[in-house]
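Structure first, then comments.
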Amino acid sequence: MDYREEMKYLRDYLNEQSYLYYVLDAPVIPDYEYDRLNRRLEELEAEHPEEITADSPTQRVGDKVLEGFASYAHDVPLESLQDVFNAAEVAEFGEKIDAALGADVEYSVEPKVDGLSVALEYRNGVFYRGATRGDGRVGEDVTENLRTIYSIPMTLPDQLPRLIVRGEVYMSRTVFEEINTLRELQGKPLLANPRNAAAGSLRQLDPKLCAERKLDIQIFNLQLAEGKTFTSHDDTLEYLASQRFKMIPHKTLKGIAAVQAEIDRINDERMDYPFDIDGAVVKVNNLTDREKLGSTAKFPKWAVAFKYPPEKKPSRIVDIVVQVGRTGVLTPKAVLEPVRLAGTTVTNATLHNQDYIAEKDIRIGDTVIVQKAGEIIPEILEVDFSKRPEGTVPYILPQTCPVCGAAVFRDEDGAALRCTGAECPAQLLRNLTHFASRDAMDIEHLGPAVVQQLVENDLIRNAADLYSLKAEDVAKLDRMGAKSAQNLILAIEKSKNNDLSKLIYGLGIRQVGEKAAKVLAAHFRTLDALMAASAEELTEINDVGAITAQCIVDFLAQPQSQDLIHRLVEAGVNTESTAQLIDDRFAGMTFVLTGTLERFDRKTAEAMIQDRGGKASGSVSKKTTYVVAGEAAGSKLKKAQELGIPVLSEDEFAAMLQ
Ligand code: AMP
């Protein structure tokens, strides 16, 4: 086979496998086989770049970061839907339809996917452009991000001159949970819900970031098909399935009673769908009938969206338990007498924090009204005070961690209570991942997945245990092997020589970021000296505020912390610093770097700012002192100009460093 043939063969074969995997959910080859063939295709494409075609699976994730999104005018408007909220309103809709069309009308009933609407345009069977709904007439061109969704076909079996379909882009619940678990480990803010997560992802300017979000789509309408005619919605969905789109599940039914039964069934089974749904959509099936009915200024008259009400029911609080999350936050949870709500059995509800409990005066033994809106965790709406039994007492959260017994303290910036235990098992994964991260102890090969395995196999219980790991134990972990185990051990060994500043940062003391760690290391020189410092001494240091000082003192006073440090020292981890703050000429100043700098990479430039007492930040605000603009600076430069913040060229910045 010549290379052209082989490339075509690989493209077609891999696309077929993607279709089986992502659209039909029925993979036939193992992942590694897919990866192997994909790599072969990449090799051939590297050798013969002129032969790369747009439908190659390697072209899904582009590497160009966009400046912004172009606007896209929809040929066929993406209409909104009229909402209905109960069976009476559905019946009323049915009567209007009957009045216009006669009895026994056929309807399609579909789950209403809670994501965001997009249009996909194909020309001659090839994906051409795709856009968000916007105001229904003009949306944003998000073609590059849509390409990253593997269930969107890049080519179709039929080559109609133009074909436009409409669908709902979403993030599956599984992916949403995976991403949040990882973000929690990395100490990043959590995504609020799958819909916002999907919307935010589709609006990323860097397609790579969107690709990481593993979005998916359900196609629910044919907008336009040049050269084809259809008689019913049903037929259009069937045709689109034949064109390899991932289609919305739907049922075609006669009469409004059957429609209502289907709406209820979807509600009962809503947890069985991999995506969040917020209702069901009822549509007249016959396309000529739809035309007859027409649209109002806002909605089609031939469809309605049934919105599921948040269900409410009474239950009793049997107990209140406190969980410790991976970031050390204590979260109180009410244990409830089981109730059926929105298709699931609810046995607990979040109580958020002490303030929430106090405000609603929630007590063990109370009868409460529980609500489940959409798929979110159930909530307690209110206490039924008329049912409060004798002898209840206000609930106060414990003052020590229920998992490790260390003291808890109230977050300086919120209502949360947090455990201070350096070795608290509940926080272990996060603490260890942070310890190993690049800006802390910089232990290569020790990412969250490896940390998790080490902890689960009981090979480590705290950071000090890393230094007594044995290669042969590590080699037994999944996907490890002797060579990678050896590499990991070497990386751990190497981290012993780090400067004290990296160790201080790695300890994960609240409020002590990379810069504060450096300042502390440069000031105290040894860990012993830092440990001996009082809160007053700490506050005297430039850049260390009273809260930070207290966090440091509290942390170092914990027996768990002292034990950890003692063991790190025994293992031979360096506790001295040669870190130097060159001077404090940038004290109190905040710099934002944007565009490409020629002489320094970002990290180095940021370190140079910090070494001179300044702060480097990622976003421009009124607090920014200078913006340093390199080649091809974009939106940050614009913002600086709008806010009237002085902009430095790379040369001017370099001169300030001298
Ligand atoms: P609303 O935004 O509340 O007016 O509801 C209409 C939106 O529901 C549409 O813009 C679509 O994005 C979305 N939707 C989700 N699933 C479907 C479906 N099966 N049929 C029609 N629209 C749907």
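Labels used: A, B, ... for chains in the order of the structure tokens, numbers from 1 for residues in each chain, and numbers from 1 for ligands as shown.
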Using only C-alpha atoms, determine which residues lie at most 9 Å from Gln243 in chain A, disregarding the query and same-chain residues fewer than 5 positions distant; provide the list as a short mmCIF file (atom, residue, chain, number, x, y, z; two decimals) with all heavy atoms, in the first residue's frame.
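selection-v5.cif written:
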data_model
loop_
_atom_site.label_atom_id
_atom_site.label_comp_id
_atom_site.auth_asym_id
_atom_site.auth_seq_id
_atom_site.Cartn_x
_atom_site.Cartn_y
_atom_site.Cartn_z
N PRO A 153 -19.73 14.37 13.44
CA PRO A 153 -19.00 13.82 12.29
C PRO A 153 -18.37 14.95 11.46
O PRO A 153 -18.97 16.01 11.31
CB PRO A 153 -20.09 13.11 11.48
CG PRO A 153 -21.38 13.71 11.92
CD PRO A 153 -21.19 14.20 13.33
N THR A 155 -17.32 14.31 8.29
CA THR A 155 -17.86 14.10 6.94
C THR A 155 -19.11 13.24 7.06
O THR A 155 -19.26 12.50 8.03
CB THR A 155 -16.85 13.36 6.03
OG1 THR A 155 -16.46 12.17 6.71
CG2 THR A 155 -15.63 14.19 5.75
N LEU A 156 -20.00 13.35 6.08
CA LEU A 156 -21.25 12.61 6.10
C LEU A 156 -21.30 11.67 4.90
O LEU A 156 -20.69 11.96 3.87
CB LEU A 156 -22.44 13.58 6.03
CG LEU A 156 -22.44 14.74 7.02
CD1 LEU A 156 -23.63 15.65 6.74
CD2 LEU A 156 -22.51 14.19 8.45
N PRO A 157 -22.06 10.58 5.01
CA PRO A 157 -22.20 9.69 3.86
C PRO A 157 -22.79 10.41 2.64
O PRO A 157 -22.29 10.25 1.53
CB PRO A 157 -23.16 8.61 4.36
CG PRO A 157 -23.04 8.63 5.85
CD PRO A 157 -22.69 10.03 6.23
N ASP A 158 -23.84 11.22 2.82
CA ASP A 158 -24.44 11.95 1.69
C ASP A 158 -23.75 13.29 1.52
O ASP A 158 -23.41 13.94 2.51
CB ASP A 158 -25.92 12.24 1.96
CG ASP A 158 -26.76 10.98 1.85
OD1 ASP A 158 -26.18 9.92 1.50
OD2 ASP A 158 -27.97 11.06 2.13
N GLU A 238 -34.58 10.17 11.62
CA GLU A 238 -34.08 8.90 11.10
C GLU A 238 -33.00 9.16 10.04
O GLU A 238 -31.96 8.50 10.02
CB GLU A 238 -35.25 8.13 10.49
CG GLU A 238 -34.97 6.65 10.36
CD GLU A 238 -36.21 5.94 9.82
OE1 GLU A 238 -37.31 6.12 10.41
OE2 GLU A 238 -36.06 5.27 8.79
#
Quick one: everything within 8 Å of Thr148 in chain A, counting only C-alpha atoms, minus sequence neighbours fewer than 3 positions away in the same chain. Send it as an MDAnalysis selection string.
chainID A and resid 60:61 144:145 207 210:211 214:215
I want to know what sits within 12 Å of Val142 in chain A, based on only C-alpha atoms, with residues of the same chain fewer than 3 positions away left out; could you give that as a ChimeraX atom specification?
/A:66,68-72,117-121,128-134,139,145-149,169,199-207,210
Name each residue within 9 Å of ligand 1, counting only C-alpha atoms and all ligand atoms, as a PyMOL selection string.
chain A and resi 78-83+109-118+133+136+166-169+218-221+248-250+277-283+299+303-305+307
Hey, which of A:Ser617, A:Ser172, A:Asn348, A:Thr231 ends up closest to Asp272 in chain A? Count only C-alpha atoms.
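Of all the options, A:Ser172 lies closest to Asp272 in chain A.
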Got a sec: who's within 12 Å of Ala257 in chain A, counting only C-alpha atoms, leaving out chain neighbours fewer than 4 positions off, as a ChimeraX atom specification?
/A:87-88,90-95,104-107,253,261-264
